[in-house]
file input-v3.cif (mmCIF, C-alpha atoms)
data_upload
#
loop_
_atom_site.group_PDB
_atom_site.id
_atom_site.type_symbol
_atom_site.label_atom_id
_atom_site.label_comp_id
_atom_site.auth_asym_id
_atom_site.auth_seq_id
_atom_site.Cartn_x
_atom_site.Cartn_y
_atom_site.Cartn_z
ATOM 1 C CA MET A 1 -52.558 338.379 22.285
ATOM 2 C CA TYR A 2 -52.532 337.494 26.001
ATOM 3 C CA ASP A 3 -49.855 338.325 28.558
ATOM 4 C CA ILE A 4 -49.065 336.573 31.851
ATOM 5 C CA VAL A 5 -48.142 338.909 34.702
ATOM 6 C CA MET A 6 -47.145 338.515 38.333
ATOM 7 C CA ALA A 7 -48.827 341.616 39.788
ATOM 8 C CA LYS A 8 -52.522 342.474 40.036
ATOM 9 C CA GLY A 9 -54.163 345.571 38.609
ATOM 10 C CA LEU A 10 -51.736 346.207 35.756
ATOM 11 C CA ARG A 11 -53.090 347.916 32.643
ATOM 12 C CA CYS A 12 -53.067 346.030 29.365
ATOM 13 C CA ALA A 13 -50.256 347.177 27.085
ATOM 14 C CA LYS A 14 -50.980 348.022 23.444
ATOM 15 C CA GLY A 15 -52.057 344.932 21.507
ATOM 16 C CA ILE A 16 -52.602 342.828 24.640
ATOM 17 C CA GLU A 17 -56.218 341.668 25.040
ATOM 18 C CA GLU A 18 -55.962 340.563 28.644
ATOM 19 C CA ASN A 19 -53.395 340.198 31.435
ATOM 20 C CA LEU A 20 -53.536 336.741 33.017
ATOM 21 C CA LEU A 21 -52.387 336.648 36.629
ATOM 22 C CA ALA A 22 -49.792 333.872 37.026
ATOM 23 C CA GLU A 23 -50.937 332.833 40.495
ATOM 24 C CA SER A 24 -54.511 332.405 39.278
ATOM 25 C CA LEU A 25 -53.419 329.970 36.550
ATOM 26 C CA LYS A 26 -53.758 326.460 38.001
ATOM 27 C CA ALA A 27 -50.964 324.979 35.935
ATOM 28 C CA PHE A 28 -48.351 327.727 36.417
ATOM 29 C CA ARG A 29 -45.224 326.472 38.163
ATOM 30 C CA GLN A 30 -41.830 328.039 38.829
ATOM 31 C CA ALA A 31 -38.750 325.851 39.081
ATOM 32 C CA LYS A 32 -35.941 327.295 41.181
ATOM 33 C CA THR A 33 -33.293 324.591 40.666
ATOM 34 C CA HIS A 34 -32.546 321.772 38.217
ATOM 35 C CA ASP A 35 -33.850 319.250 40.761
ATOM 36 C CA ASP A 36 -37.315 320.854 40.607
ATOM 37 C CA LEU A 37 -37.496 320.544 36.831
ATOM 38 C CA GLU A 38 -38.322 316.872 36.294
ATOM 39 C CA PRO A 39 -41.114 316.572 38.890
ATOM 40 C CA LEU A 40 -42.710 319.856 37.766
ATOM 41 C CA ALA A 41 -42.462 318.887 34.101
ATOM 42 C CA LYS A 42 -44.642 315.836 34.840
ATOM 43 C CA VAL A 43 -47.607 318.002 35.928
ATOM 44 C CA LYS A 44 -50.319 317.796 33.279
ATOM 45 C CA ASN A 45 -50.644 320.902 31.053
ATOM 46 C CA VAL A 46 -48.037 322.691 33.148
ATOM 47 C CA LEU A 47 -46.797 326.216 32.369
ATOM 48 C CA LEU A 48 -43.231 325.878 33.567
ATOM 49 C CA HIS A 49 -41.044 328.901 34.233
ATOM 50 C CA PHE A 50 -37.356 328.160 34.837
ATOM 51 C CA PRO A 51 -35.425 331.470 35.106
ATOM 52 C CA GLN A 52 -32.063 329.848 34.300
ATOM 53 C CA TYR A 53 -33.375 328.428 30.957
ATOM 54 C CA GLU A 54 -30.930 325.502 31.151
ATOM 55 C CA LEU A 55 -33.189 322.702 30.035
ATOM 56 C CA ASP A 56 -31.946 319.306 28.981
ATOM 57 C CA GLU A 57 -33.667 317.067 26.444
ATOM 58 C CA GLY A 58 -35.147 314.871 29.161
ATOM 59 C CA ALA A 59 -37.043 317.746 30.724
ATOM 60 C CA CYS A 60 -38.288 318.939 27.322
ATOM 61 C CA ARG A 61 -39.472 315.441 26.388
ATOM 62 C CA GLN A 62 -41.234 315.171 29.741
ATOM 63 C CA LEU A 63 -42.921 318.518 29.078
ATOM 64 C CA ALA A 64 -44.035 317.295 25.661
ATOM 65 C CA LYS A 65 -45.476 314.102 27.222
ATOM 66 C CA SER A 66 -47.490 316.025 29.788
ATOM 67 C CA ASN A 67 -48.671 318.542 27.134
ATOM 68 C CA GLY A 68 -46.883 321.283 29.058
ATOM 69 C CA CYS A 69 -45.350 324.569 27.934
ATOM 70 C CA LEU A 70 -42.121 326.352 28.762
ATOM 71 C CA VAL A 71 -42.622 329.975 29.758
ATOM 72 C CA PHE A 72 -40.204 332.563 28.351
ATOM 73 C CA ALA A 73 -40.387 335.742 30.420
ATOM 74 C CA PHE A 74 -39.221 339.160 29.209
ATOM 75 C CA CYS A 75 -38.683 340.341 32.805
ATOM 76 C CA ASP A 76 -35.745 337.902 33.098
ATOM 77 C CA ILE A 77 -33.980 339.793 30.288
ATOM 78 C CA LEU A 78 -34.699 343.161 31.908
ATOM 79 C CA ALA A 79 -33.193 341.932 35.174
ATOM 80 C CA GLU A 80 -29.786 341.359 33.533
ATOM 81 C CA ARG A 81 -27.251 343.724 32.011
ATOM 82 C CA GLY A 82 -24.455 343.587 29.472
ATOM 83 C CA PHE A 83 -22.706 340.282 28.940
ATOM 84 C CA ARG A 84 -25.022 338.381 31.285
ATOM 85 C CA ARG A 85 -28.010 339.554 29.249
ATOM 86 C CA GLY A 86 -26.360 338.243 26.099
ATOM 87 C CA ILE A 87 -25.713 334.883 27.748
ATOM 88 C CA LEU A 88 -29.316 334.689 28.927
ATOM 89 C CA ILE A 89 -30.659 335.400 25.424
ATOM 90 C CA SER A 90 -28.403 332.610 24.097
ATOM 91 C CA LYS A 91 -29.747 330.212 26.732
ATOM 92 C CA MET A 92 -33.303 331.170 25.793
ATOM 93 C CA ARG A 93 -32.525 330.526 22.128
ATOM 94 C CA LEU A 94 -31.167 327.070 22.969
ATOM 95 C CA ALA A 95 -34.169 326.344 25.175
ATOM 96 C CA ALA A 96 -36.517 327.351 22.331
ATOM 97 C CA GLU A 97 -34.613 324.996 20.004
ATOM 98 C CA SER A 98 -34.922 322.159 22.548
ATOM 99 C CA CYS A 99 -38.673 322.781 22.806
ATOM 100 C CA ARG A 100 -38.975 322.702 19.034
ATOM 101 C CA LYS A 101 -37.107 319.394 18.804
ATOM 102 C CA ALA A 102 -38.978 317.742 21.676
ATOM 103 C CA GLY A 103 -42.357 319.006 20.436
ATOM 104 C CA CYS A 104 -43.404 320.724 23.668
ATOM 105 C CA GLY A 105 -45.209 324.047 23.759
ATOM 106 C CA TYR A 106 -43.866 327.486 24.622
ATOM 107 C CA VAL A 107 -45.442 330.653 25.890
ATOM 108 C CA PHE A 108 -43.936 334.140 25.676
ATOM 109 C CA CYS A 109 -44.975 336.727 28.240
ATOM 110 C CA THR A 110 -43.596 339.517 30.366
ATOM 111 C CA LEU A 111 -44.272 338.112 33.894
ATOM 112 C CA ALA A 112 -44.310 341.797 34.818
ATOM 113 C CA ARG A 113 -44.168 342.778 38.486
ATOM 114 C CA GLY A 114 -44.914 346.434 37.735
ATOM 115 C CA GLU A 115 -45.999 348.859 35.015
ATOM 116 C CA HIS A 116 -42.376 349.456 34.006
ATOM 117 C CA GLU A 117 -41.991 345.790 32.968
ATOM 118 C CA LEU A 118 -45.035 345.667 30.691
ATOM 119 C CA ARG A 119 -44.351 345.346 26.982
ATOM 120 C CA THR A 120 -46.579 345.700 23.914
ATOM 121 C CA ALA A 121 -47.638 342.827 21.677
ATOM 122 C CA ARG A 122 -45.275 344.085 18.958
ATOM 123 C CA GLU A 123 -42.334 343.922 21.339
ATOM 124 C CA LEU A 124 -43.240 340.399 22.455
ATOM 125 C CA ARG A 125 -43.416 339.329 18.794
ATOM 126 C CA SER A 126 -39.952 340.794 18.179
ATOM 127 C CA PHE A 127 -38.763 338.875 21.272
ATOM 128 C CA MET A 128 -40.006 335.635 19.698
ATOM 129 C CA ALA A 129 -38.437 336.500 16.341
ATOM 130 C CA ILE A 130 -35.069 337.212 17.989
ATOM 131 C CA LEU A 131 -35.099 333.734 19.517
ATOM 132 C CA GLY A 132 -35.420 332.253 16.046
ATOM 133 C CA LEU A 133 -39.113 331.450 15.915
ATOM 134 C CA SER A 134 -40.765 331.386 12.506
ATOM 135 C CA GLN A 135 -44.067 333.123 11.832
ATOM 136 C CA HIS A 136 -45.913 329.815 12.225
ATOM 137 C CA GLU A 137 -44.234 329.170 15.578
ATOM 138 C CA ILE A 138 -45.084 332.693 16.773
ATOM 139 C CA CYS A 139 -48.773 331.992 16.020
ATOM 140 C CA PHE A 140 -48.456 328.651 17.830
ATOM 141 C CA ALA A 141 -47.010 330.380 20.917
ATOM 142 C CA GLN A 142 -49.876 332.899 20.884
ATOM 143 C CA GLU A 143 -52.406 330.047 20.692
ATOM 144 C CA LYS A 144 -50.762 328.373 23.683
ATOM 145 C CA ALA A 145 -51.062 331.601 25.682
ATOM 146 C CA LYS A 146 -54.772 331.708 24.790
ATOM 147 C CA GLU A 147 -55.212 328.108 25.956
ATOM 148 C CA ALA A 148 -53.581 328.998 29.291
ATOM 149 C CA LYS A 149 -56.599 331.170 30.013
ATOM 150 C CA LYS A 150 -58.946 328.171 29.962
ATOM 151 C CA MET B 1 -26.331 356.147 -6.147
ATOM 152 C CA LYS B 2 -29.288 354.796 -8.089
ATOM 153 C CA PRO B 3 -32.444 354.188 -6.042
ATOM 154 C CA SER B 4 -32.290 350.501 -6.959
ATOM 155 C CA GLU B 5 -28.748 350.261 -5.468
ATOM 156 C CA ARG B 6 -29.656 351.839 -2.117
ATOM 157 C CA PHE B 7 -30.212 349.498 0.800
ATOM 158 C CA ARG B 8 -33.813 348.921 1.866
ATOM 159 C CA ARG B 9 -34.785 350.896 4.935
ATOM 160 C CA ARG B 10 -37.433 350.863 7.572
ATOM 161 C CA TYR B 11 -38.379 353.746 9.850
ATOM 162 C CA ILE B 12 -39.675 353.090 13.351
ATOM 163 C CA LEU B 13 -41.718 355.679 15.218
ATOM 164 C CA PHE B 14 -41.156 355.515 18.977
ATOM 165 C CA VAL B 15 -42.037 357.323 22.187
ATOM 166 C CA LEU B 16 -39.229 357.886 24.688
ATOM 167 C CA THR B 17 -39.766 358.634 28.376
ATOM 168 C CA CYS B 18 -37.226 358.951 31.166
ATOM 169 C CA GLY B 19 -38.389 359.375 34.736
ATOM 170 C CA GLY B 20 -41.983 359.599 33.511
ATOM 171 C CA ALA B 21 -41.412 362.538 31.134
ATOM 172 C CA PRO B 22 -39.831 362.996 27.686
ATOM 173 C CA PRO B 23 -36.129 363.880 28.082
ATOM 174 C CA ALA B 24 -34.551 366.983 26.555
ATOM 175 C CA HIS B 25 -33.165 366.757 23.022
ATOM 176 C CA ALA B 26 -29.508 366.254 23.945
ATOM 177 C CA GLN B 27 -30.262 363.760 26.698
ATOM 178 C CA GLY B 28 -32.719 361.855 24.514
ATOM 179 C CA LYS B 29 -30.137 361.595 21.748
ATOM 180 C CA THR B 30 -27.529 360.346 24.240
ATOM 181 C CA ILE B 31 -29.883 357.754 25.711
ATOM 182 C CA ILE B 32 -30.808 356.334 22.317
ATOM 183 C CA HIS B 33 -27.293 356.282 20.888
ATOM 184 C CA GLU B 34 -25.685 354.794 23.986
ATOM 185 C CA HIS B 35 -28.416 352.200 24.446
ATOM 186 C CA PHE B 36 -28.158 350.982 20.859
ATOM 187 C CA LEU B 37 -24.360 351.022 21.060
ATOM 188 C CA SER B 38 -24.252 349.021 24.292
ATOM 189 C CA PHE B 39 -26.794 346.536 22.919
ATOM 190 C CA PHE B 40 -25.383 345.960 19.439
ATOM 191 C CA GLY B 41 -21.765 347.059 19.737
ATOM 192 C CA GLU B 42 -19.958 349.110 17.107
ATOM 193 C CA LEU B 43 -20.085 346.498 14.378
ATOM 194 C CA GLY B 44 -23.707 345.685 15.126
ATOM 195 C CA VAL B 45 -24.797 349.321 14.872
ATOM 196 C CA SER B 46 -23.044 349.542 11.536
ATOM 197 C CA THR B 47 -24.754 346.357 10.267
ATOM 198 C CA LEU B 48 -28.081 347.620 11.540
ATOM 199 C CA ALA B 49 -27.745 350.827 9.463
ATOM 200 C CA PHE B 50 -28.996 352.672 12.509
ATOM 201 C CA LYS B 51 -29.733 356.398 12.417
ATOM 202 C CA LEU B 52 -31.748 358.628 14.706
ATOM 203 C CA VAL B 53 -33.706 360.554 12.093
ATOM 204 C CA LYS B 54 -35.560 362.962 14.367
ATOM 205 C CA TYR B 55 -36.643 363.445 17.959
ATOM 206 C CA ASP B 56 -39.167 365.872 19.434
ATOM 207 C CA GLU B 57 -38.397 366.696 23.064
ATOM 208 C CA LYS B 58 -41.891 368.066 23.744
ATOM 209 C CA THR B 59 -43.752 364.848 22.973
ATOM 210 C CA GLY B 60 -40.862 362.390 23.307
ATOM 211 C CA ARG B 61 -41.655 361.058 19.830
ATOM 212 C CA GLY B 62 -38.901 360.227 17.394
ATOM 213 C CA VAL B 63 -37.985 358.195 14.375
ATOM 214 C CA VAL B 64 -35.100 355.761 13.979
ATOM 215 C CA ARG B 65 -33.984 354.135 10.761
ATOM 216 C CA CYS B 66 -32.742 350.595 10.350
ATOM 217 C CA GLY B 67 -32.269 348.062 7.564
ATOM 218 C CA ARG B 68 -35.332 346.184 6.349
ATOM 219 C CA GLU B 69 -34.103 342.822 7.661
ATOM 220 C CA LYS B 70 -33.167 344.251 11.071
ATOM 221 C CA VAL B 71 -36.518 345.630 12.181
ATOM 222 C CA GLU B 72 -37.170 342.877 14.737
ATOM 223 C CA GLN B 73 -33.729 343.352 16.267
ATOM 224 C CA ALA B 74 -34.203 347.116 16.490
ATOM 225 C CA ILE B 75 -37.613 346.750 18.159
ATOM 226 C CA PHE B 76 -36.222 344.184 20.599
ATOM 227 C CA CYS B 77 -33.392 346.572 21.447
ATOM 228 C CA MET B 78 -35.924 349.315 22.160
ATOM 229 C CA ALA B 79 -37.927 346.960 24.365
ATOM 230 C CA CYS B 80 -34.810 346.130 26.406
ATOM 231 C CA LEU B 81 -34.437 349.729 27.615
ATOM 232 C CA ALA B 82 -35.712 349.681 31.205
ATOM 233 C CA ASP B 83 -33.733 352.367 33.015
ATOM 234 C CA TRP B 84 -31.146 355.102 32.427
ATOM 235 C CA LYS B 85 -28.734 356.214 35.162
ATOM 236 C CA GLY B 86 -31.101 355.154 37.916
ATOM 237 C CA GLU B 87 -34.276 356.572 36.349
ATOM 238 C CA ALA B 88 -36.983 354.431 34.792
ATOM 239 C CA ALA B 89 -36.807 354.799 30.997
ATOM 240 C CA ARG B 90 -38.942 353.397 28.235
ATOM 241 C CA MET B 91 -38.639 353.433 24.467
ATOM 242 C CA GLU B 92 -41.918 352.158 23.081
ATOM 243 C CA PRO B 93 -42.211 351.444 19.352
ATOM 244 C CA VAL B 94 -45.431 352.825 17.884
ATOM 245 C CA SER B 95 -45.324 351.966 14.197
ATOM 246 C CA THR B 96 -43.035 350.910 11.369
ATOM 247 C CA SER B 97 -43.001 352.028 7.767
ATOM 248 C CA GLY B 98 -40.813 352.170 4.697
ATOM 249 C CA THR B 99 -41.238 355.929 4.449
ATOM 250 C CA ILE B 100 -41.216 358.670 7.073
ATOM 251 C CA SER B 101 -44.339 360.309 5.677
ATOM 252 C CA ARG B 102 -46.473 357.225 6.307
ATOM 253 C CA LEU B 103 -45.533 356.858 9.980
#
call {"tool": "encode", "arguments": {"input": "input-v3.cif", "output": "structure tokens"}}
result
Amino acid sequence: MYDIVMAKGLRCAKGIEENLLAESLKAFRQAKTHDDLEPLAKVKNVLLHFPQYELDEGACRQLAKSNGCLVFAFCDILAERGFRRGILISKMRLAAESCRKAGCGYVFCTLARGEHELRTARELRSFMAILGLSQHEICFAQEKAKEAKK
Amino acid sequence: MKPSERFRRRYILFVLTCGGAPPAHAQGKTIIHEHFLSFFGELGVSTLAFKLVKYDEKTGRGVVRCGREKVEQAIFCMACLADWKGEAARMEPVSTSGTISRL
């Protein structure tokens, strides 16, 4: 399994073959607002990270057309607490459902900025399972992460 | 209760660190119980069939029990522990088994 991280020089957690640095991935893009979503979703093979996870069907369909993937980052969950964390997990679940319906890809990673944000492969798989992904979809997400390396 | 009537369990071996070192027994127990309680709530902990089976303060290793269908939720809960009262904390799952002896 591969992980995408934000910081250099981080060790690989248990079960992670290689840490891919987000800034070295050509297609990695971060959307800050809703207005950034549509133009970034049109980039070919994009890995789109939108920390609010409030995607509409149009953006998901655009991602599917451009063969892009939505990035789900574990560090976004760690940054929240309590009720807000619960709301964020719900938004992620809805975003995963939208991706499934539109047929676009998804990648699960930590986007860790430090050693304390790294998570093992087992924990990332439980993250995917919590969001309602089946075993087949978990394998699909892992394949997409592998393709991001190329 | 007959063995066939008991609910199916899974045991998860974990390593707990707080501030870079394994916490003492009482503190470790508090961290784990309060983290699971704040994550799942009272009803959720009951549904999870959660129990801290054992914890070794020297190595930071311990075992928690949960229901067979709730393993993914328990592991996700462990992964969500990032800090405790201002100190960096980590609860890393090591392995899962249906019996304690095989962990």
call {"tool": "atom_distance", "arguments": {"input": "input-v3.cif", "atom1": "CA of Ser95 (chain B)", "atom2": "CA of Pro22 (chain B)"}}
result
18.3 Å
call {"tool": "closest_residue", "arguments": {"input": "input-v3.cif", "among": "A:Ile87, A:Ala129, A:Lys8, A:Cys75", "to": "Glu69 (chain B)", "atoms": "all atoms listed in the file"}}
result
A:Ala129
call {"tool": "closest_residue", "arguments": {"input": "input-v3.cif", "among": "A:Leu20, A:Ile89, A:Ala95, A:Leu48", "to": "Ser66 (chain A)", "atoms": "only C-alpha atoms"}}
result
A:Leu48
call {"tool": "interface_residues", "arguments": {"input": "input-v3.cif", "of": "chain A", "to": "chain B", "cutoff": "9 Å", "atoms": "all atoms listed in the file", "output": "MDAnalysis selection string"}}
result
chainID A and resid 74 77:78 82 86 116:117 119:120 122:127 129:130
call {"tool": "write_last_selection", "arguments": {"input": "input-v3.cif", "atoms": "C-alpha atoms", "output": "CSV table (one decimal), in the frame of the given file"}}
result
chain,number,residue,atom,x,y,z
A,74,PHE,CA,-39.2,339.2,29.2
A,77,ILE,CA,-34.0,339.8,30.3
A,78,LEU,CA,-34.7,343.2,31.9
A,82,GLY,CA,-24.5,343.6,29.5
A,86,GLY,CA,-26.4,338.2,26.1
A,116,HIS,CA,-42.4,349.5,34.0
A,117,GLU,CA,-42.0,345.8,33.0
A,119,ARG,CA,-44.4,345.3,27.0
A,120,THR,CA,-46.6,345.7,23.9
A,122,ARG,CA,-45.3,344.1,19.0
A,123,GLU,CA,-42.3,343.9,21.3
A,124,LEU,CA,-43.2,340.4,22.5
A,125,ARG,CA,-43.4,339.3,18.8
A,126,SER,CA,-40.0,340.8,18.2
A,127,PHE,CA,-38.8,338.9,21.3
A,129,ALA,CA,-38.4,336.5,16.3
A,130,ILE,CA,-35.1,337.2,18.0
call {"tool": "closest_residue", "arguments": {"input": "input-v3.cif", "among": "A:Ala59, A:Ala73, A:Ala13, A:Val107", "to": "Pro39 (chain A)", "atoms": "all atoms listed in the file"}}
result
A:Ala59
call {"tool": "atom_distance", "arguments": {"input": "input-v3.cif", "atom1": "CA of Gly62 (chain B)", "atom2": "CA of Cys109 (chain A)"}}
result
26.6 Å
call {"tool": "resolve_selection", "arguments": {"input": "input-v3.cif", "expression": "the PyMOL selection byres ((chain A and resi 11) around 12)", "output": "JSON, numbers by chain"}}
result
{"A": [3, 5, 7, 8, 9, 10, 12, 13, 14, 15, 16, 17, 18, 19, 20, 21, 112, 113, 114, 115, 116, 117, 118, 119, 120]}
call {"tool": "build_atoms", "arguments": {"input": "input-v3.cif", "residues": "region 91-101 of chain B", "atoms": "all heavy atoms", "output": "CSV table (one decimal), in the coordinates of the input"}}
result
chain,number,residue,atom,x,y,z
B,91,MET,N,-38.6,353.0,25.9
B,91,MET,CA,-38.6,353.4,24.5
B,91,MET,C,-39.7,352.5,23.8
B,91,MET,O,-39.3,351.4,23.5
B,91,MET,CB,-37.2,353.2,23.9
B,91,MET,CG,-37.0,353.9,22.6
B,91,MET,SD,-35.2,353.8,22.2
B,91,MET,CE,-35.2,354.4,20.5
B,92,GLU,N,-40.8,353.0,23.6
B,92,GLU,CA,-41.9,352.2,23.1
B,92,GLU,C,-42.1,352.4,21.6
B,92,GLU,O,-42.4,353.5,21.1
B,92,GLU,CB,-43.2,352.5,23.8
B,92,GLU,CG,-44.4,351.6,23.4
B,92,GLU,CD,-45.6,351.9,24.3
B,92,GLU,OE1,-45.5,352.4,25.4
B,92,GLU,OE2,-46.7,351.7,23.7
B,93,PRO,N,-42.0,351.3,20.8
B,93,PRO,CA,-42.2,351.4,19.4
B,93,PRO,C,-43.7,351.6,19.1
B,93,PRO,O,-44.5,350.9,19.7
B,93,PRO,CB,-41.7,350.1,18.8
B,93,PRO,CG,-41.7,349.2,19.9
B,93,PRO,CD,-41.6,349.9,21.2
B,94,VAL,N,-44.0,352.5,18.2
B,94,VAL,CA,-45.4,352.8,17.9
B,94,VAL,C,-45.8,352.2,16.5
B,94,VAL,O,-46.8,351.5,16.4
B,94,VAL,CB,-45.7,354.4,17.9
B,94,VAL,CG1,-47.1,354.7,17.4
B,94,VAL,CG2,-45.4,355.0,19.2
B,95,SER,N,-45.0,352.5,15.5
B,95,SER,CA,-45.3,352.0,14.2
B,95,SER,C,-44.1,351.9,13.4
B,95,SER,O,-43.0,352.5,13.7
B,95,SER,CB,-46.4,352.8,13.5
B,95,SER,OG,-45.9,354.1,13.3
B,96,THR,N,-44.2,351.1,12.3
B,96,THR,CA,-43.0,350.9,11.4
B,96,THR,C,-43.5,351.2,9.9
B,96,THR,O,-44.6,350.8,9.6
B,96,THR,CB,-42.6,349.4,11.5
B,96,THR,OG1,-42.4,349.1,12.8
B,96,THR,CG2,-41.3,349.2,10.7
B,97,SER,N,-42.6,351.8,9.2
B,97,SER,CA,-43.0,352.0,7.8
B,97,SER,C,-41.7,352.1,6.9
B,97,SER,O,-40.6,352.4,7.4
B,97,SER,CB,-43.8,353.3,7.7
B,97,SER,OG,-44.0,353.7,6.3
B,98,GLY,N,-41.9,352.0,5.6
B,98,GLY,CA,-40.8,352.2,4.7
B,98,GLY,C,-40.5,353.6,4.4
B,98,GLY,O,-39.5,353.9,3.8
B,99,THR,N,-41.4,354.5,4.7
B,99,THR,CA,-41.2,355.9,4.4
B,99,THR,C,-41.6,356.7,5.7
B,99,THR,O,-42.4,356.3,6.5
B,99,THR,CB,-42.1,356.4,3.3
B,99,THR,OG1,-43.5,356.2,3.6
B,99,THR,CG2,-41.7,355.8,2.0
B,100,ILE,N,-41.0,357.9,5.9
B,100,ILE,CA,-41.2,358.7,7.1
B,100,ILE,C,-42.6,359.3,7.0
B,100,ILE,O,-43.3,359.4,8.0
B,100,ILE,CB,-40.1,359.8,7.2
B,100,ILE,CG1,-38.8,359.2,7.4
B,100,ILE,CG2,-40.5,360.7,8.3
B,100,ILE,CD1,-37.6,360.1,7.4
B,101,SER,N,-43.1,359.6,5.8
B,101,SER,CA,-44.3,360.3,5.7
B,101,SER,C,-45.5,359.4,6.1
B,101,SER,O,-46.5,359.9,6.6
B,101,SER,CB,-44.5,360.8,4.2
B,101,SER,OG,-44.4,359.7,3.4
